[in-house]
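Heads up: the structure comes next, in structure tokens.
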Amino acid sequence: TEARRSGGPTPVERAGRAARMLAGDGVASVVVDCESGPVRLGLAGALARELRATPVTLDELRADSVTALVRDVRTVSNPRRAA
């Protein structure tokens, strides 16, 4: 692969590895997808899958929705803390 020829993993591969480690440790995460326009790489979605995280778009970011999302993520990751 290109990563092997250049001497190491690409930033996307490193991010994926870190995401899997965080998910494995049970870290609750939210990924904000900032991509817009006709060409999208889908990197935020891929990262969210690796993290087992909730992806949200910039259009979905409002104070009330972020607060609810954080509560939901905390409840799933640590049900005792939600109360």
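Quick note on naming: the chains in the structure tokens go A, B, ... in the order shown, residues restart at 1 in each chain, and ligands are numbered from 1 in order of appearance.
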
message: For the strand (DSSP E) assignment from backbone DSSP, which residues of chain A qualify? Please present them as a PyMOL selection string.
response: chain A and resi 30-33+54-57

Dump as a PDB file, in the first residue's frame, selection limited to all heavy atoms:
```pdb
ATOM      1  N   VAL A  30     -18.534  11.652  20.111  1.00  0.00           N
ATOM      2  CA  VAL A  30     -19.417  12.247  19.121  1.00  0.00           C
ATOM      3  C   VAL A  30     -18.510  12.783  18.023  1.00  0.00           C
ATOM      4  O   VAL A  30     -17.492  13.410  18.304  1.00  0.00           O
ATOM      5  CB  VAL A  30     -20.254  13.396  19.723  1.00  0.00           C
ATOM      6  CG1 VAL A  30     -21.063  14.098  18.644  1.00  0.00           C
ATOM      7  CG2 VAL A  30     -21.153  12.886  20.830  1.00  0.00           C
ATOM      8  N   VAL A  31     -18.851  12.535  16.773  1.00  0.00           N
ATOM      9  CA  VAL A  31     -18.064  13.026  15.649  1.00  0.00           C
ATOM     10  C   VAL A  31     -18.883  14.057  14.897  1.00  0.00           C
ATOM     11  O   VAL A  31     -20.019  13.792  14.502  1.00  0.00           O
ATOM     12  CB  VAL A  31     -17.669  11.870  14.691  1.00  0.00           C
ATOM     13  CG1 VAL A  31     -16.948  12.405  13.462  1.00  0.00           C
ATOM     14  CG2 VAL A  31     -16.810  10.855  15.420  1.00  0.00           C
ATOM     15  N   VAL A  32     -18.300  15.247  14.708  1.00  0.00           N
ATOM     16  CA  VAL A  32     -18.959  16.302  13.949  1.00  0.00           C
ATOM     17  C   VAL A  32     -18.457  16.246  12.508  1.00  0.00           C
ATOM     18  O   VAL A  32     -17.267  16.393  12.253  1.00  0.00           O
ATOM     19  CB  VAL A  32     -18.681  17.693  14.559  1.00  0.00           C
ATOM     20  CG1 VAL A  32     -19.358  18.784  13.728  1.00  0.00           C
ATOM     21  CG2 VAL A  32     -19.156  17.747  16.001  1.00  0.00           C
ATOM     22  N   ASP A  33     -19.382  15.997  11.596  1.00  0.00           N
ATOM     23  CA  ASP A  33     -19.065  15.913  10.176  1.00  0.00           C
ATOM     24  C   ASP A  33     -19.119  17.319   9.584  1.00  0.00           C
ATOM     25  O   ASP A  33     -20.185  17.902   9.450  1.00  0.00           O
ATOM     26  CB  ASP A  33     -20.065  14.996   9.479  1.00  0.00           C
ATOM     27  CG  ASP A  33     -19.755  14.779   8.013  1.00  0.00           C
ATOM     28  OD1 ASP A  33     -18.879  15.481   7.465  1.00  0.00           O
ATOM     29  OD2 ASP A  33     -20.400  13.914   7.409  1.00  0.00           O
ATOM     30  N   THR A  54     -21.606   8.566  17.704  1.00  0.00           N
ATOM     31  CA  THR A  54     -22.733   9.184  17.027  1.00  0.00           C
ATOM     32  C   THR A  54     -22.208  10.272  16.100  1.00  0.00           C
ATOM     33  O   THR A  54     -21.530  11.186  16.563  1.00  0.00           O
ATOM     34  CB  THR A  54     -23.681   9.816  18.063  1.00  0.00           C
ATOM     35  OG1 THR A  54     -24.116   8.792  18.957  1.00  0.00           O
ATOM     36  CG2 THR A  54     -24.867  10.473  17.385  1.00  0.00           C
ATOM     37  N   PRO A  55     -22.488  10.182  14.809  1.00  0.00           N
ATOM     38  CA  PRO A  55     -22.079  11.267  13.911  1.00  0.00           C
ATOM     39  C   PRO A  55     -23.172  12.324  13.819  1.00  0.00           C
ATOM     40  O   PRO A  55     -24.360  12.001  13.823  1.00  0.00           O
ATOM     41  CB  PRO A  55     -21.915  10.554  12.564  1.00  0.00           C
ATOM     42  CG  PRO A  55     -22.872   9.422  12.632  1.00  0.00           C
ATOM     43  CD  PRO A  55     -22.975   9.022  14.085  1.00  0.00           C
ATOM     44  N   VAL A  56     -22.775  13.595  13.801  1.00  0.00           N
ATOM     45  CA  VAL A  56     -23.721  14.691  13.609  1.00  0.00           C
ATOM     46  C   VAL A  56     -23.150  15.637  12.555  1.00  0.00           C
ATOM     47  O   VAL A  56     -21.940  15.766  12.415  1.00  0.00           O
ATOM     48  CB  VAL A  56     -24.013  15.476  14.909  1.00  0.00           C
ATOM     49  CG1 VAL A  56     -24.715  14.617  15.925  1.00  0.00           C
ATOM     50  CG2 VAL A  56     -22.757  16.071  15.501  1.00  0.00           C
ATOM     51  N   THR A  57     -24.024  16.270  11.822  1.00  0.00           N
ATOM     52  CA  THR A  57     -23.587  17.246  10.827  1.00  0.00           C
ATOM     53  C   THR A  57     -23.619  18.644  11.449  1.00  0.00           C
ATOM     54  O   THR A  57     -24.237  18.856  12.500  1.00  0.00           O
ATOM     55  CB  THR A  57     -24.503  17.234   9.588  1.00  0.00           C
ATOM     56  OG1 THR A  57     -25.805  17.649   9.999  1.00  0.00           O
ATOM     57  CG2 THR A  57     -24.563  15.853   8.957  1.00  0.00           C
TER      58      THR A  57
END
```

field: Nearby residues (only C-alpha atoms) at most 9 Å from range 22-27 of chain A, same-chain spacing under 6 positions excluded, as an MDAnalysis selection string
entry: chainID A and resid 50:53 77

How about saving the chosen residues, C-alpha atoms kept, as a JSON list (two decimals), in the first residue's frame?
```json
[["chain", "number", "residue", "atom", "x", "y", "z"],
["A", 50, "GLU", "CA", -14.47, 3.08, 14.23],
["A", 51, "LEU", "CA", -15.28, 4.97, 17.44],
["A", 52, "ARG", "CA", -18.75, 3.44, 17.71],
["A", 53, "ALA", "CA", -19.77, 7.09, 17.99],
["A", 77, "SER", "CA", -21.43, 4.42, 28.03]]
```

query: What is the CA of Val12 in chain A to CA of Ser36 in chain A distance in Å?
result: 18.8 Å

Length of the CA of Leu69 in chain A to CA of Ala19 in chain A vector [Å]: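 Calculated distance between CA of Leu69 in chain A and CA of Ala19 in chain A is 19.1 Å.
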
- prompt: What's the 10 Å shell around Leu43 in chain A, counting only C-alpha atoms, without same-chain residues fewer than 4 positions away, as a count of residues only?
  reply: 8

message: I need the helix (DSSP H, G or I) residues of chain A per DSSP on the backbone, written as an NGL selection string.
response: :A and (2-5 or 11-24 or 43-51 or 58-60 or 63-77)

field: Polymer residues at most 9 Å from Val70 in chain A, only C-alpha atoms, same-chain spacing of 4 or more positions, as a list of chain:residue names
entry: A:Ala28, A:Ser29, A:Val30, A:Ser65, A:Val66, A:Arg74, A:Thr75

- line: Students should find that CA of Gly42 in chain A and CA of Ala68 in chain A are spaced 24.5 Å
